[in-house]
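Data from coords.txt: compact mmCIF, C-alpha atoms
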```txt
# COMPACT_ATOMS: atom_id res chain seq x y z
CA MET R 988 5.72 38.84 84.48
CA ARG R 989 6.39 37.00 81.24
CA ASP R 990 3.59 36.05 78.84
CA GLY R 991 2.13 32.65 79.38
CA ILE R 992 2.77 32.52 83.11
CA TYR R 993 0.82 35.70 83.78
CA GLU R 994 -2.24 34.53 81.86
CA PHE R 995 -1.98 31.09 83.39
CA ILE R 996 -1.97 32.43 86.94
CA GLU R 997 -4.79 34.84 86.12
CA ASP R 998 -6.91 32.00 84.82
CA TYR R 999 -6.01 29.33 87.31
CA LEU R 1000 -5.14 31.09 90.55
CA SER R 1001 -8.49 30.31 92.18
CA ASP R 1002 -8.20 26.63 91.39
CA MET R 1003 -4.54 26.53 92.36
CA PHE R 1004 -5.13 28.23 95.66
CA ALA R 1005 -8.08 25.99 96.47
CA SER R 1006 -6.12 22.89 95.64
CA VAL R 1007 -3.00 23.81 97.63
CA THR R 1008 -4.94 24.91 100.70
CA GLY R 1009 -7.62 22.23 100.44
CA ASP R 1010 -6.60 20.47 103.62
CA ILE R 1011 -6.37 23.67 105.63
CA PHE R 1012 -9.70 25.36 105.09
CA ASN R 1013 -12.96 23.61 105.80
CA SER R 1014 -15.14 25.29 103.23
CA THR R 1015 -15.01 26.03 99.53
CA LEU R 1016 -12.90 29.06 98.78
CA THR R 1017 -14.43 31.93 96.93
CA GLU R 1018 -12.71 34.93 95.52
CA SER R 1019 -13.43 37.98 97.58
CA ALA R 1020 -13.97 41.37 96.04
CA ILE R 1021 -13.29 42.90 99.41
CA GLY R 1022 -9.66 43.02 100.39
CA LEU R 1023 -8.19 43.05 103.86
CA SER R 1024 -9.71 45.92 105.81
CA GLU R 1025 -7.68 49.08 105.90
CA THR R 1026 -7.15 49.26 109.62
CA SER R 1027 -3.94 49.52 111.54
CA ASP R 1028 -4.55 46.11 113.06
CA ARG R 1029 -1.70 43.73 113.22
CA ARG R 1030 -1.23 41.72 110.03
CA PHE R 1031 0.72 38.60 109.25
CA VAL R 1032 2.68 38.24 106.03
CA ILE R 1033 4.51 35.24 104.60
CA ILE R 1034 6.98 35.86 101.78
CA LEU R 1035 7.95 32.80 99.74
CA GLY R 1036 10.90 33.69 97.55
CA LEU R 1037 11.41 32.12 94.14
CA ALA R 1038 14.89 31.88 92.68
CA GLY R 1039 16.61 30.16 89.78
CA GLN R 1040 16.45 30.99 86.11
CA TYR R 1041 13.14 32.60 86.99
CA LYS R 1042 12.71 34.67 90.09
CA GLY R 1043 9.97 36.30 92.06
CA ARG R 1044 7.86 35.71 95.13
CA ILE R 1045 4.53 34.61 96.51
CA ILE R 1046 3.15 36.76 99.32
CA LEU R 1047 0.37 35.60 101.61
CA GLU R 1048 -1.24 38.09 103.94
CA THR R 1049 -3.96 37.86 106.58
CA SER R 1050 -5.24 39.86 109.52
CA SER R 1051 -4.08 38.68 112.92
CA ASN R 1052 -7.61 37.44 113.69
CA THR R 1053 -7.50 35.20 110.66
CA SER R 1054 -4.03 33.94 111.46
CA ASP R 1055 -5.04 33.24 115.07
CA THR R 1056 -7.92 31.09 113.83
CA LEU R 1057 -5.72 29.39 111.27
CA LEU R 1058 -2.95 28.73 113.80
CA GLN R 1059 -5.36 27.27 116.31
CA ARG R 1060 -6.61 24.91 113.62
CA MET R 1061 -3.05 23.91 112.74
CA ASN R 1062 -2.34 23.33 116.43
CA PHE R 1063 -5.18 20.86 117.00
CA GLY R 1064 -7.47 23.41 118.60
CA GLU R 1065 -4.94 24.96 120.95
CA PRO R 1066 -4.14 28.63 120.45
CA VAL R 1067 -0.57 29.46 119.46
CA SER R 1068 0.42 32.15 121.89
CA THR R 1069 3.97 33.39 121.43
CA LEU R 1070 4.99 35.53 118.47
CA GLN R 1071 7.94 33.24 117.82
CA GLU R 1072 5.78 30.14 117.69
CA GLN R 1073 3.22 31.89 115.50
CA ASN R 1074 5.99 32.79 113.08
CA LEU R 1075 7.33 29.25 113.03
CA PHE R 1076 3.93 27.68 112.40
CA LEU R 1077 3.21 30.14 109.61
CA GLY R 1078 6.62 29.42 108.15
CA GLU R 1079 5.70 25.73 107.95
CA LEU R 1080 2.40 26.65 106.35
CA GLY R 1081 4.30 28.83 103.90
CA ASN R 1082 6.66 26.00 102.98
CA MET R 1083 3.73 23.70 102.35
CA VAL R 1084 1.64 26.12 100.32
CA GLY R 1085 4.68 27.41 98.42
CA GLY R 1086 5.91 23.91 97.63
CA LYS R 1087 2.55 22.90 96.17
CA PHE R 1088 2.29 26.13 94.21
CA ILE R 1089 5.64 25.80 92.52
CA THR R 1090 5.05 22.10 91.77
CA ALA R 1091 1.85 23.13 90.03
CA LEU R 1092 3.59 25.90 88.07
CA ASN R 1093 6.67 23.81 87.24
CA ASN R 1094 4.46 21.00 85.94
CA SER R 1095 2.60 23.39 83.69
CA PHE R 1096 5.60 25.14 82.17
CA ARG R 1097 8.39 23.04 80.68
CA GLY R 1098 11.73 24.45 81.79
CA LEU R 1099 10.30 26.70 84.49
CA GLU R 1100 12.09 25.02 87.44
CA LEU R 1101 11.09 27.42 90.17
CA ARG R 1102 12.86 26.87 93.48
CA LEU R 1103 11.55 28.05 96.83
CA THR R 1104 13.73 29.91 99.30
CA PRO R 1105 13.07 29.65 103.06
CA PRO R 1106 9.80 31.36 104.07
CA ILE R 1107 10.02 34.79 105.65
CA VAL R 1108 7.24 35.47 108.15
CA PHE R 1109 6.56 38.77 109.77
CA SER R 1110 3.86 40.72 111.50
CA GLY R 1111 3.37 44.36 112.24
CA GLU R 1112 1.12 47.36 111.83
CA ASN R 1113 0.78 49.53 108.74
CA LEU R 1114 2.75 46.94 106.85
CA SER R 1115 3.99 47.48 103.36
CA VAL R 1116 5.87 44.95 101.24
CA ILE R 1117 7.31 46.15 97.98
CA THR R 1118 9.30 44.13 95.45
CA PRO R 1119 10.48 46.75 92.97
CA GLU R 1120 10.50 45.79 89.30
CA ILE R 1121 8.33 42.69 89.78
CA GLU R 1122 4.87 42.89 88.30
CA SER R 1123 2.41 40.77 90.24
CA ILE R 1124 -1.14 39.48 90.35
CA VAL R 1125 -3.12 40.06 93.55
CA ARG R 1126 -6.27 38.23 94.59
CA HIS R 1127 -8.27 37.92 97.78
CA PHE R 1128 -9.97 34.74 98.92
CA SER R 1129 -12.68 34.25 101.51
CA THR R 1130 -11.94 31.25 103.66
CA ASP R 1131 -13.66 30.00 106.76
CA CYS R 1132 -10.83 31.57 108.76
CA GLY R 1133 -11.15 34.96 107.15
CA VAL R 1134 -9.83 36.74 104.09
CA VAL R 1135 -6.44 35.70 102.68
CA ARG R 1136 -4.59 37.93 100.23
CA ILE R 1137 -2.27 36.32 97.72
CA ASP R 1138 0.19 38.21 95.57
CA ILE R 1139 2.30 36.37 92.96
CA GLY R 1140 5.00 37.88 90.81
CA ILE R 1141 7.51 36.03 88.60
CA GLU R 1142 10.14 37.50 86.30
CA GLY R 1143 12.31 35.67 83.82
CA VAL R 1144 12.85 34.17 80.40
CA LYS R 1145 9.75 33.15 78.49
CA PRO R 1146 9.19 29.40 78.83
CA TRP R 1147 7.15 27.14 76.56
CA LEU R 1148 3.62 26.70 77.71
CA ASN R 1149 2.73 23.11 78.44
CA LEU R 1150 -0.63 23.25 80.12
CA GLU R 1151 -1.85 20.35 82.16
CA ASN R 1152 -5.18 20.03 83.85
CA PHE R 1153 -5.44 20.78 87.52
CA MET P 781 44.38 66.34 81.14
CA GLN P 782 41.50 67.46 78.98
CA PRO P 783 38.18 66.93 80.79
CA LEU P 784 36.35 64.06 79.14
CA ARG P 785 32.68 63.91 78.17
CA VAL P 786 31.04 60.75 79.52
CA LEU P 787 27.68 59.32 78.50
CA VAL P 788 25.99 56.96 80.99
CA ILE P 789 23.63 54.34 79.52
CA ASP P 790 21.98 52.64 82.51
CA ASP P 791 18.40 52.12 83.66
CA SER P 792 19.30 52.69 87.31
CA PRO P 793 19.21 56.30 88.54
CA PHE P 794 21.44 55.13 91.40
CA VAL P 795 24.19 53.67 89.23
CA TYR P 796 24.01 56.90 87.23
CA LYS P 797 24.50 58.83 90.45
CA ALA P 798 27.50 56.73 91.50
CA MET P 799 29.07 57.04 88.05
CA LYS P 800 28.55 60.80 87.99
CA ARG P 801 30.21 61.07 91.38
CA ALA P 802 33.25 59.05 90.27
CA VAL P 803 33.63 60.86 86.97
CA GLU P 804 33.18 64.40 88.32
CA ALA P 805 35.65 63.79 91.16
CA GLN P 806 38.31 63.41 88.50
CA GLY P 807 37.32 66.61 86.70
CA HIS P 808 35.41 64.98 83.83
CA SER P 809 31.74 65.56 83.14
CA VAL P 810 28.68 63.40 82.51
CA ILE P 811 27.02 64.87 79.43
CA GLY P 812 23.98 62.65 79.30
CA HIS P 813 22.02 59.75 80.79
CA ALA P 814 20.06 57.22 78.74
CA GLU P 815 17.80 54.74 80.54
CA ASN P 816 17.67 52.22 77.74
CA GLY P 817 19.74 51.17 74.76
CA GLN P 818 17.57 52.88 72.21
CA MET P 819 17.90 56.25 73.88
CA GLY P 820 21.58 55.45 74.35
CA LEU P 821 22.18 55.07 70.62
CA GLU P 822 20.42 58.37 69.95
CA LEU P 823 22.54 60.19 72.51
CA ILE P 824 25.77 58.61 71.24
CA SER P 825 25.04 59.95 67.79
CA GLN P 826 23.86 63.38 69.01
CA LEU P 827 26.45 64.07 71.70
CA LYS P 828 29.53 62.18 70.43
CA PRO P 829 30.88 61.30 73.93
CA ASP P 830 34.51 60.49 74.66
CA ILE P 831 33.56 57.63 76.99
CA ILE P 832 30.40 55.49 77.12
CA THR P 833 29.41 53.48 80.19
CA LEU P 834 26.97 50.78 79.16
CA ASP P 835 24.83 48.59 81.40
CA VAL P 836 24.33 45.01 80.30
CA THR P 837 20.68 44.62 81.34
CA MET P 838 18.16 47.32 80.44
CA PRO P 839 14.57 47.34 79.22
CA ILE P 840 13.59 47.98 75.56
CA MET P 841 17.14 47.50 74.24
CA ASP P 842 19.94 45.97 76.32
CA GLY P 843 23.71 46.46 76.31
CA LEU P 844 24.49 43.68 73.85
CA GLN P 845 21.92 44.96 71.40
CA VAL P 846 23.55 48.39 71.60
CA LEU P 847 26.99 46.88 70.86
CA GLN P 848 25.58 45.17 67.78
CA ARG P 849 24.77 48.62 66.40
CA LEU P 850 28.05 50.39 67.20
CA ASP P 851 31.14 50.64 65.00
CA HIS P 852 34.58 49.65 66.33
CA GLU P 853 35.66 53.20 66.98
CA LYS P 854 32.74 53.66 69.39
CA ILE P 855 33.09 50.22 71.00
CA ASP P 856 36.63 51.26 71.93
CA LYS P 857 35.11 53.96 74.14
CA VAL P 858 32.78 51.57 76.00
CA ILE P 859 33.06 50.54 79.64
CA MET P 860 30.60 47.69 80.18
CA ILE P 861 28.83 47.62 83.55
CA SER P 862 27.46 44.32 84.80
CA ALA P 863 25.94 42.72 87.85
CA MET P 864 27.40 39.55 89.27
CA GLY P 865 26.79 36.38 87.32
CA ASP P 866 26.40 37.93 83.89
CA MET P 867 29.26 35.67 82.66
CA GLU P 868 27.63 34.59 79.41
CA LEU P 869 26.71 38.16 78.55
CA LEU P 870 30.22 39.42 79.30
CA LYS P 871 31.69 36.78 77.02
CA GLN P 872 29.48 38.02 74.22
CA ALA P 873 30.41 41.63 74.96
CA LYS P 874 34.11 40.68 74.63
CA GLU P 875 33.36 39.11 71.27
CA TYR P 876 31.92 42.45 70.17
CA GLY P 877 35.25 44.04 71.08
CA VAL P 878 34.57 45.58 74.49
CA ARG P 879 37.80 45.71 76.49
CA PHE P 880 36.78 47.37 79.74
CA PHE P 881 34.41 45.93 82.28
CA LEU P 882 33.19 46.96 85.70
CA ASN P 883 31.23 44.79 88.07
CA LYS P 884 28.68 46.30 90.46
CA PRO P 885 29.49 47.45 93.10
CA PHE P 886 32.33 49.39 91.50
CA GLN P 887 34.68 51.77 93.25
CA PRO P 888 35.34 55.27 91.97
CA GLU P 889 39.00 54.29 91.47
CA ASP P 890 37.94 51.44 89.17
CA VAL P 891 36.01 53.87 86.99
CA ILE P 892 38.98 56.24 86.75
CA HIS P 893 41.35 53.36 86.03
CA ALA P 894 39.15 52.20 83.14
CA ILE P 895 38.92 55.74 81.74
CA ASN P 896 42.68 56.18 81.93
CA GLU P 897 43.22 52.86 80.16
CA ILE P 898 40.94 53.96 77.33
CA LEU P 899 42.90 57.23 77.02
CA THR P 900 46.26 55.46 76.97
CA ARG P 901 45.16 53.13 74.21
CA GLU P 902 43.95 56.05 72.11
CA ARG P 903 47.41 57.59 71.91
CA MET T 348 29.21 30.57 107.44
CA VAL T 349 31.89 32.86 108.81
CA GLU T 350 33.23 33.27 105.31
CA PHE T 351 29.87 34.27 103.88
CA GLY T 352 29.62 36.92 106.57
CA GLU T 353 32.96 38.32 105.47
CA PHE T 354 31.80 38.41 101.85
CA LEU T 355 28.66 40.30 102.91
CA SER T 356 30.66 42.71 105.02
CA VAL T 357 33.04 43.56 102.18
CA ALA T 358 30.12 43.81 99.75
CA LEU T 359 28.33 46.23 102.10
CA LYS T 360 31.36 48.50 102.34
CA ASP T 361 32.01 48.39 98.60
CA THR T 362 28.38 49.13 97.75
CA LEU T 363 27.99 52.02 100.16
CA SER T 364 31.31 53.53 99.11
CA MET T 365 29.97 53.88 95.56
CA PHE T 366 27.89 56.68 97.07
CA GLY T 367 30.47 58.11 99.41
CA LEU T 368 29.07 56.33 102.47
CA SER T 369 31.24 54.36 104.85
CA VAL T 370 30.37 51.92 107.60
CA GLU T 371 32.22 50.53 110.56
CA ARG T 372 31.80 46.97 111.67
CA ASN T 373 30.70 46.59 115.26
CA SER T 374 29.77 43.22 116.70
CA THR T 375 28.78 39.88 115.26
CA ILE T 376 26.27 37.76 117.14
CA VAL T 377 25.28 34.21 116.34
CA SER T 378 21.71 33.32 117.32
CA GLU T 379 19.40 30.34 117.10
CA THR T 380 16.90 32.04 114.83
CA LEU T 381 17.01 34.80 112.25
CA SER T 382 14.80 37.63 113.43
CA SER T 383 14.59 41.34 112.85
CA SER T 384 12.60 44.32 113.96
CA GLY T 385 13.93 47.15 111.86
CA ASP T 386 11.73 49.96 110.61
CA VAL T 387 12.95 49.08 107.13
CA ASN T 388 13.89 45.48 106.32
CA VAL T 389 15.11 44.28 102.95
CA VAL T 390 14.81 40.52 102.55
CA ILE T 391 16.52 38.39 99.92
CA GLY T 392 16.40 34.61 99.68
CA PHE T 393 18.67 32.26 97.78
CA THR T 394 18.77 28.68 96.57
CA GLY T 395 21.33 26.60 94.74
CA ASP T 396 24.09 24.63 96.42
CA VAL T 397 22.88 26.26 99.62
CA ARG T 398 19.46 27.64 100.67
CA GLY T 399 19.13 30.65 102.91
CA SER T 400 18.06 34.21 103.57
CA ILE T 401 19.60 37.60 104.08
CA VAL T 402 17.93 40.47 105.91
CA ILE T 403 19.29 44.00 105.91
CA ALA T 404 17.60 45.94 108.68
CA LEU T 405 17.64 49.68 109.23
CA PRO T 406 16.05 51.80 111.90
CA LYS T 407 14.39 54.95 110.61
CA GLU T 408 17.43 57.16 111.28
CA THR T 409 19.75 55.05 109.14
CA ALA T 410 17.16 54.64 106.41
CA SER T 411 16.69 58.41 106.29
CA ALA T 412 20.43 59.04 106.17
CA ILE T 413 20.87 56.66 103.24
CA SER T 414 17.76 57.98 101.54
CA ALA T 415 19.06 61.54 101.79
CA ILE T 416 22.17 60.54 99.84
CA MET T 417 20.43 58.28 97.34
CA ILE T 418 17.36 60.34 96.46
CA GLY T 419 18.03 63.72 98.02
CA SER T 420 15.23 63.38 100.57
CA GLU T 421 14.91 61.76 103.99
CA GLU T 422 11.41 60.53 103.23
CA ILE T 423 11.08 56.75 103.05
CA ASN T 424 8.95 56.80 99.90
CA LEU T 425 8.76 54.42 96.93
CA MET T 426 11.89 55.88 95.36
CA ALA T 427 13.81 55.42 98.63
CA LYS T 428 12.63 51.80 98.89
CA SER T 429 13.74 51.27 95.32
CA ALA T 430 17.17 52.53 96.35
CA PHE T 431 17.32 50.20 99.38
CA ALA T 432 16.30 47.30 97.18
CA GLU T 433 18.97 48.04 94.62
CA LEU T 434 21.69 48.50 97.24
CA SER T 435 20.72 45.23 98.89
CA ASN T 436 20.70 43.45 95.56
CA MET T 437 24.23 44.66 94.84
CA ILE T 438 25.40 43.65 98.32
CA ALA T 439 23.88 40.17 98.15
CA GLY T 440 24.93 39.69 94.54
CA SER T 441 28.48 40.69 95.23
CA ALA T 442 28.68 38.42 98.28
CA ILE T 443 27.41 35.35 96.46
CA SER T 444 29.73 35.98 93.54
CA LYS T 445 32.69 35.75 95.94
CA SER T 446 31.44 32.45 97.33
CA PRO T 447 32.73 29.23 95.75
CA ARG T 448 29.19 27.83 96.08
CA PHE T 449 26.59 28.35 93.42
CA MET T 450 23.57 30.41 94.53
CA ASN T 451 20.63 32.19 92.88
CA LEU T 452 18.97 35.18 94.51
CA THR T 453 15.32 36.14 94.76
CA PRO T 454 14.41 39.73 93.98
CA PRO T 455 14.66 41.94 97.09
CA SER T 456 11.48 42.78 98.98
CA VAL T 457 11.33 45.89 101.15
CA VAL T 458 9.22 45.46 104.28
CA THR T 459 8.24 48.53 106.32
CA GLY T 460 5.75 49.18 109.08
CA GLU T 461 5.47 49.62 112.82
CA ASN T 462 6.15 47.14 115.58
CA ILE T 463 7.50 44.69 113.07
CA PHE T 464 8.50 41.24 114.17
CA LEU T 465 10.19 39.36 111.39
CA MET T 466 11.44 35.82 111.68
CA ILE T 467 12.87 33.52 109.08
CA SER T 468 13.95 30.25 110.44
CA ARG T 469 15.02 28.09 113.30
CA VAL T 470 18.43 27.78 111.70
CA LYS T 471 21.57 29.20 113.29
CA SER T 472 21.96 32.77 112.10
CA THR T 473 24.67 35.37 112.04
CA ASN T 474 23.82 38.97 112.86
CA MET T 475 26.41 41.55 111.89
CA GLU T 476 26.06 45.00 113.39
CA PHE T 477 27.49 48.00 111.60
CA ASN T 478 27.20 51.70 112.07
CA LEU T 479 26.92 54.45 109.51
CA ASN T 480 28.18 57.59 111.27
CA GLY T 481 26.63 56.38 114.49
CA SER T 482 23.40 55.09 112.94
CA PRO T 483 22.99 51.32 113.25
CA LEU T 484 22.60 48.89 110.37
CA THR T 485 22.31 45.11 110.67
CA ILE T 486 22.90 42.37 108.16
CA ALA T 487 21.58 39.01 109.28
CA PHE T 488 21.79 35.78 107.36
CA ALA T 489 21.06 32.10 107.77
CA LEU T 490 22.18 29.21 105.59
CA GLU T 491 20.47 25.86 105.66
```

Now, as a test, write the supplied structure out as structure tokens.
Amino acid sequence: MRDGIYEFIEDYLSDMFASVTGDIFNSTLTESAIGLSETSDRRFVIILGLAGQYKGRIILETSSNTSDTLLQRMNFGEPVSTLQEQNLFLGELGNMVGGKFITALNNSFRGLELRLTPPIVFSGENLSVITPEIESIVRHFSTDCGVVRIDIGIEGVKPWLNLENF
Amino acid sequence: MQPLRVLVIDDSPFVYKAMKRAVEAQGHSVIGHAENGQMGLELISQLKPDIITLDVTMPIMDGLQVLQRLDHEKIDKVIMISAMGDMELLKQAKEYGVRFFLNKPFQPEDVIHAINEILTRER
Amino acid sequence: MVEFGEFLSVALKDTLSMFGLSVERNSTIVSETLSSSGDVNVVIGFTGDVRGSIVIALPKETASAISAIMIGSEEINLMAKSAFAELSNMIAGSAISKSPRFMNLTPPSVVTGENIFLMISRVKSTNMEFNLNGSPLTIAFALE
């Protein structure tokens, strides 16, 4: 990831994540030193692609327990039962979170102009997602639904840094 | 035809593999592989290849930076390899004097055609 | 949409033939969503004049066959995934360069695991089935 953006995300990821997911989680987010447990439980992953002069992706990952809780909250207390519906709901969540993220990044870096591609949602066991040649920052956050893993990687031409407060 | 000695300057081991396959099928040989422009310049000077395939985008030193450091005689031996959409870069490469270009994915026949063109011009 | 499928199909053949591999086109199915359940899935998104996604899905047997040619081993390790990513990037890149519309690609992500259910959108999608010496390969795409 190019200088400027990398440091920015390192410094501000907590605040950014809290601010873009503020209306989803009921409690204050804290960074978690513990990652997602290494079991072969089903996991959910949302990939938000970034394209344009700069490219990369934002990956959100949770256990299926966490996503069940999250989905139920999004669905006004009703569980979301089919895999298809779960994927669609998470796709909407992805669009929302991704949109806020790139607005925040685009506002902070003149000329960045990140564009989001349609969210890709999948679930499975023993999942691995690899984006070769993209260096990324990974953090885990404790939410009241469970642990959420976020992985951001952006590659491209060095922009000017124009920091604004969050 | 005399077998030619080809140097591949490309950061992708897979493009190298495809190039090797195309070149060897025609009886020529790949004499070296450089993964970045810097290494490429060293190998050009050490090995004195007949043909140089040069990738546009590489870490440390890219294709255009290599061209800046080559004399005309060597640029005449260059086949520039690009990915789609590298229009601006290709324009610059032409300004440096590169005459042969291949876009990925390239077919083995395209490689041979470019090599034959270079040979024809040398006579 | 049909046209983009043709560009992808030609790009697939051209890319694989760089390595001496050839594919045959089987069927093309249009569906209401873009979903996949391959053992190996390479996903690429794009924006520009048009927004959309491409998924190249391989069952283990096809992935191993391609891996054997690309890295000399049937193991689906990091090097193999790197190969799949690069092939997919060439395929997608070549297809969008043939299109009159302007599009930018995301980097490719390689998704592997077991019992994968992958879904992209509720947009009409085209699923093109190919076979590589009898091993299946699917390219699915959706444009918004």

- request: Please indicate the distance in Å from CA of Gly1009 in chain R to CA of Gly1081 in chain R, rounded to one decimal place.
  value: 14.1 Å

task: Compile the residues of chain P that lie within 12 Å of chain R, evaluated using only C-alpha atoms, and express the compilation as a list in words.
output: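 Close to chain R, chain P has Asp791, Ser792, Met838, Pro839 and Gly865 of chain P.
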
- prompt: Near chain P, which residues of chain T fall within 8 Å when you count all atoms listed in the file, and what do they look like as a ChimeraX atom specification?
  reply: /T:358,361-362,364-366,417,430,437-438,440-441,444

- request: Pull out every residue of chain T sitting within 9 Å of chain R, counting only C-alpha atoms, and send them as number ranges by chain.
  value: T: 383, 390-395, 398-400, 425, 428-429, 432-433, 450-469, 491

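For the atom pair formed by CA of Val1135 in chain R and CA of Glu1048 in chain R, the distance is 5.9 Å, given to one decimal.
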
Got a sec to check which residues sit within 12 Å of (2.9, 23.9, 112.0), counting only C-alpha atoms, and write them as a compact mmCIF listing (two decimals) with C-alpha atoms, keeping the file's coordinate frame?
```
# COMPACT_ATOMS: atom_id res chain seq x y z
CA ILE R 1011 -6.37 23.67 105.63
CA LEU R 1057 -5.72 29.39 111.27
CA LEU R 1058 -2.95 28.73 113.80
CA GLN R 1059 -5.36 27.27 116.31
CA ARG R 1060 -6.61 24.91 113.62
CA MET R 1061 -3.05 23.91 112.74
CA ASN R 1062 -2.34 23.33 116.43
CA PHE R 1063 -5.18 20.86 117.00
CA GLU R 1065 -4.94 24.96 120.95
CA PRO R 1066 -4.14 28.63 120.45
CA VAL R 1067 -0.57 29.46 119.46
CA GLU R 1072 5.78 30.14 117.69
CA GLN R 1073 3.22 31.89 115.50
CA ASN R 1074 5.99 32.79 113.08
CA LEU R 1075 7.33 29.25 113.03
CA PHE R 1076 3.93 27.68 112.40
CA LEU R 1077 3.21 30.14 109.61
CA GLY R 1078 6.62 29.42 108.15
CA GLU R 1079 5.70 25.73 107.95
CA LEU R 1080 2.40 26.65 106.35
CA GLY R 1081 4.30 28.83 103.90
CA ASN R 1082 6.66 26.00 102.98
CA MET R 1083 3.73 23.70 102.35
CA VAL R 1084 1.64 26.12 100.32
```

Just want the 7 Å neighbourhood of range 403-410 of chain T, counted on all atoms listed in the file, with same-chain residues fewer than 6 positions away dropped. Output as a short mmCIF file (atom, residue, chain, number, x, y, z; two decimals) with C-alpha atoms, in the frame of the given file.
```cif
data_model
loop_
_atom_site.label_atom_id
_atom_site.label_comp_id
_atom_site.auth_asym_id
_atom_site.auth_seq_id
_atom_site.Cartn_x
_atom_site.Cartn_y
_atom_site.Cartn_z
CA SER T 383 14.59 41.34 112.85
CA GLY T 385 13.93 47.15 111.86
CA ASP T 386 11.73 49.96 110.61
CA VAL T 387 12.95 49.08 107.13
CA ASN T 388 13.89 45.48 106.32
CA VAL T 389 15.11 44.28 102.95
CA VAL T 390 14.81 40.52 102.55
CA SER T 482 23.40 55.09 112.94
CA PRO T 483 22.99 51.32 113.25
CA LEU T 484 22.60 48.89 110.37
CA THR T 485 22.31 45.11 110.67
CA ILE T 486 22.90 42.37 108.16
CA ALA T 487 21.58 39.01 109.28
#
```

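Considering the residues T:Glu476, T:Lys445, T:Thr380, T:Ala489 and counting all atoms listed in the file, Phe354 in chain T has its shortest atom-to-atom contact with T:Lys445.
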
task: Find the spatial neighbours of Gln782 in chain P, counting all atoms listed in the file, within a cut-off of 10 Å - ignore same-chain residues fewer than 3 positions away - and output them as a list in words.
output: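 Near Gln782 in chain P, the qualifying residues are Arg785, Gly807 and His808 of chain P.
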
- request: Select, from T:Val397, T:Ile416, T:Ile423, T:Phe488, the residue with the minimum atom-to-atom distance to Phe449 in chain T, counting all atoms listed in the file.
  value: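 Under the stated criterion, the closest residue is T:Val397.
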
d(CA of Gly843 in chain P, CA of Gly1140 in chain R) in Å: 25.2 Å

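Near Leu479 in chain T, within a cut-off of 10 Å and counting all atoms listed in the file, sit the residues Leu363, Leu368, Ser369, Val370, Glu371, Arg372, Thr409, Ala412, Ile413, Pro483 and Leu484 of chain T, with same-chain residues fewer than 4 positions away left out.
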
Can you tell me, as AutoDock Vina command-line options, the centre and edge lengths (Å, one decimal) of the axis-aligned box enclosing all of range 1104-1109 of chain R's listed atoms after padding each side by 6 Å?
```
--center_x 10.1 --center_y 34.2 --center_z 104.5 --size_x 19.2 --size_y 21.1 --size_z 22.5
```

- request: Select, from P:Val836, P:Ile898, P:Leu827, P:Val878, the residue with the minimum atom-to-atom distance to His852 in chain P, counting only C-alpha atoms.
  value: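 Comparing P:Val836, P:Ile898, P:Leu827, P:Val878 against His852 in chain P, the winner is P:Val878.
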
message: My list of candidates is P:Leu847, P:Val810, P:Met867, P:Met860. Which is closest to Asp830 in chain P when distances are computed with all atoms listed in the file?
response: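 Using all atoms listed in the file, the shortest distance to Asp830 in chain P belongs to P:Val810.
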